[in-house]
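K.L.:
Just one file: query_8.cif, with mmCIF, C-alpha atoms.
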data_target
#
loop_
_atom_site.label_atom_id
_atom_site.label_comp_id
_atom_site.auth_asym_id
_atom_site.auth_seq_id
_atom_site.Cartn_x
_atom_site.Cartn_y
_atom_site.Cartn_z
CA MET H 16 16.33 91.02 125.55
CA LYS H 17 14.00 93.86 124.86
CA GLU H 18 14.56 97.13 126.66
CA ILE H 19 11.53 98.72 128.29
CA LYS H 20 11.50 102.53 128.20
CA PRO H 21 9.28 104.63 130.40
CA THR H 22 6.78 106.92 128.74
CA TYR H 23 6.44 110.55 129.64
CA THR H 24 3.02 111.21 128.13
CA TRP H 25 1.35 110.99 131.54
CA ILE H 26 3.49 113.92 132.71
CA ILE H 27 2.18 116.12 129.89
CA SER H 28 -1.46 115.34 130.69
CA SER H 29 -0.79 115.81 134.40
CA MET H 30 0.84 119.20 133.78
CA LEU H 31 -2.03 120.34 131.57
CA TRP H 32 -4.57 119.30 134.19
CA SER H 33 -2.67 121.10 136.98
CA TRP H 34 -2.51 124.30 134.91
CA CYS H 35 -6.27 124.09 134.31
CA LEU H 36 -6.89 123.73 138.04
CA ALA H 37 -4.55 126.62 138.78
CA PHE H 38 -6.52 128.96 136.51
CA ILE H 39 -9.99 128.13 137.87
CA PRO H 40 -9.84 130.81 140.65
CA THR H 41 -8.65 133.35 138.08
CA ILE H 42 -11.51 132.51 135.76
CA ILE H 43 -14.06 132.80 138.58
CA THR H 44 -12.66 136.18 139.65
CA THR H 45 -12.76 137.40 136.05
CA LEU H 46 -16.39 136.33 135.70
CA LYS H 47 -17.28 138.11 138.95
CA MET H 48 -15.58 141.28 137.70
CA ALA H 49 -17.43 141.08 134.40
CA ARG H 50 -20.78 140.68 136.16
CA THR H 51 -20.28 143.60 138.61
CA LYS H 52 -21.61 147.08 137.88
CA TYR H 53 -21.42 150.27 139.90
CA ILE H 54 -23.76 153.13 138.99
CA ILE H 55 -23.53 156.52 140.65
CA SER H 56 -26.24 159.17 140.35
CA ASP H 57 -26.73 162.44 142.20
CA THR H 58 -28.52 160.71 145.08
CA HIS H 59 -27.51 157.01 145.09
CA LEU H 60 -24.66 154.61 144.52
CA VAL H 61 -25.99 151.32 143.13
CA MET H 62 -23.96 148.10 143.21
CA ILE H 63 -25.13 145.19 141.05
CA THR H 64 -23.23 141.91 141.57
CA GLY H 65 -23.66 138.19 141.02
CA LEU H 66 -22.82 135.37 138.66
CA VAL H 67 -26.08 133.43 138.63
CA HIS H 68 -28.36 135.49 140.85
CA SER H 69 -27.98 139.23 140.64
CA LYS H 70 -27.85 141.22 143.87
CA ARG H 71 -28.60 144.94 143.88
CA GLU H 72 -27.55 147.23 146.75
CA SER H 73 -28.22 150.93 146.90
CA ILE H 74 -26.50 153.45 149.16
CA ASP H 75 -27.93 156.91 149.70
CA LEU H 76 -25.06 159.30 149.05
CA TYR H 77 -26.01 161.57 151.94
CA ARG H 78 -25.46 158.62 154.33
CA ILE H 79 -21.81 158.08 153.32
CA ARG H 80 -19.46 158.94 156.16
CA ILE H 81 -15.98 157.73 155.10
CA VAL H 82 -14.51 157.02 151.64
CA THR H 83 -11.07 155.45 151.28
CA ALA H 84 -9.19 154.25 148.21
CA ASN H 85 -6.27 151.84 147.83
CA GLN H 86 -4.75 152.16 144.37
CA THR H 87 -1.91 150.09 142.95
CA ALA H 88 0.85 151.33 140.69
CA TRP H 89 -1.07 149.90 137.72
CA GLY H 90 -3.98 152.27 138.31
CA TYR H 91 -6.64 149.97 139.73
CA GLY H 92 -7.66 149.40 143.32
CA ASN H 93 -10.43 149.09 145.86
CA ILE H 94 -12.69 151.76 147.31
CA THR H 95 -14.10 151.28 150.81
CA ILE H 96 -17.22 153.19 151.78
CA ILE H 97 -18.54 153.37 155.35
CA ASP H 98 -22.00 154.76 155.94
CA GLN H 99 -23.57 156.34 159.03
CA ASP H 100 -24.60 152.92 160.39
CA SER H 101 -20.94 151.78 160.18
CA ILE H 102 -21.76 149.36 157.37
CA SER H 103 -18.76 148.87 155.10
CA TYR H 104 -19.02 148.47 151.33
CA VAL H 105 -16.03 147.54 149.16
CA LEU H 106 -15.93 148.38 145.47
CA ARG H 107 -13.29 146.02 144.05
CA TYR H 108 -11.02 146.27 141.01
CA ILE H 109 -11.86 149.90 140.21
CA ASN H 110 -9.82 151.55 137.48
CA ASN H 111 -8.36 154.87 138.71
CA ALA H 112 -9.67 154.28 142.24
CA ASN H 113 -8.40 157.57 143.73
CA TYR H 114 -10.25 159.65 141.15
CA ILE H 115 -13.47 157.66 141.51
CA ALA H 116 -13.25 157.96 145.33
CA ASN H 117 -12.99 161.74 144.95
CA VAL H 118 -16.04 161.74 142.65
CA ILE H 119 -18.00 159.74 145.23
CA LYS H 120 -16.91 162.14 148.01
CA GLU H 121 -17.93 165.21 146.00
CA LYS H 122 -21.31 163.74 145.09
CA SER H 123 -21.79 162.75 148.73
CA ARG H 124 -20.95 166.28 149.89
CA THR H 125 -23.41 167.70 147.38
CA ALA H 126 -26.12 165.29 148.59
CA CYS H 127 -25.37 166.26 152.20
CA LYS H 128 -25.62 169.96 151.37
CA ASN H 129 -28.96 169.36 149.72
CA ARG H 130 -30.14 167.75 152.98
CA ASN H 131 -28.19 170.16 155.23
CA PHE H 132 -25.75 167.50 156.52
CA THR H 133 -21.96 167.78 156.94
CA VAL H 134 -20.59 164.29 157.53
CA VAL H 135 -18.16 163.12 154.81
CA LYS H 136 -14.58 162.36 155.88
CA SER H 137 -11.63 161.18 153.85
CA LEU H 138 -8.84 158.85 154.93
CA PHE H 139 -6.27 159.19 152.15
#
Could you write out this structure as structure tokens?
P.N.:
Amino acid sequence: MKEIKPTYTWIISSMLWSWCLAFIPTIITTLKMARTKYIISDTHLVMITGLVHSKRESIDLYRIRIVTANQTAWGYGNITIIDQDSISYVLRYINNANYIANVIKEKSRTACKNRNFTVVKSLF
């Protein structure tokens, strides 16, 4: 009689396929990060995002009311900006988020002084 042995090659292909599926969200997040730009000038903060269609949002710095930063131990984090209309903007995956939040606050204070406003608060 001939002995029939099971083959394990299907397990290898199944494992490879499951690892590919597991990394799809990571790849999409990485592409989103690569296609996101934040530009700050003396009067505006411009956010350009999008994978296929690019979306451009501009915030007048004098309209910023609250700036908060959440930074991890590895030095990156998110910055949340709330304007005078209570619209919230989140800048994600920012390297050295606390420092950048302070830069945004200072530029916002300068823009407010130029327009004779005093509105900026910090929630650190």
K.L.:
Could you list the residues chosen by the PyMOL selection byres ((chain H and resi 75) around 8) in this structure as a list of chain:residue names?
P.N.:
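That selection, the PyMOL selection byres ((chain H and resi 75) around 8), comes back as H:Thr58, H:His59, H:Leu60, H:Ser73, H:Ile74, H:Leu76, H:Tyr77, H:Arg78, H:Ile79.
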K.L.:
When distances are computed from all atoms listed in the file, which of H:Ile43, H:Ile27, H:Ala84, H:Leu66 shows the smallest separation from Val118 of chain H?
P.N.:
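Answer, going by the shortest atom-to-atom distance: H:Ala84.
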K.L.:
Identify all residues satisfying the PyMOL selection byres ((chain H and resi 95-109) around 10) in the given file; provide them as a PyMOL selection string.
P.N.:
chain H and resi 48+51-53+62+72+74-86+90-94+110-116+119-120+134-137
K.L.:
For atom CA of Thr44 of chain H and atom CA of Ser56 of chain H, quote the distance in Å rounded to one decimal.
P.N.:
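Calculated distance between atom CA of Thr44 of chain H and atom CA of Ser56 of chain H is 26.7 Å.
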K.L.:
Rounded to one decimal place, report the atom CA of Thr64 of chain H-atom CA of Thr45 of chain H distance in Å.
P.N.:
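Going from atom CA of Thr64 of chain H over to atom CA of Thr45 of chain H covers 12.7 Å.
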K.L.:
Determine the nearest neighbour of Lys70 of chain H from the options H:Arg50, H:Thr87, H:Ile26, H:Ala126, counting all atoms listed in the file.
P.N.:
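The answer is H:Arg50, which sits nearest to Lys70 of chain H.
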K.L.:
Go ahead and compute the interatomic distance for atom CA of Cys127 of chain H and atom CA of Ile55 of chain H, in Å to one decimal.
P.N.:
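Rounded to one decimal, the two atoms are 15.2 Å apart.
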K.L.:
Counting all atoms listed in the file, figure out which residue out of H:Ser33, H:Ile42, H:Asp57, H:Val67 gets nearest to Asn129 of chain H.
P.N.:
H:Asp57
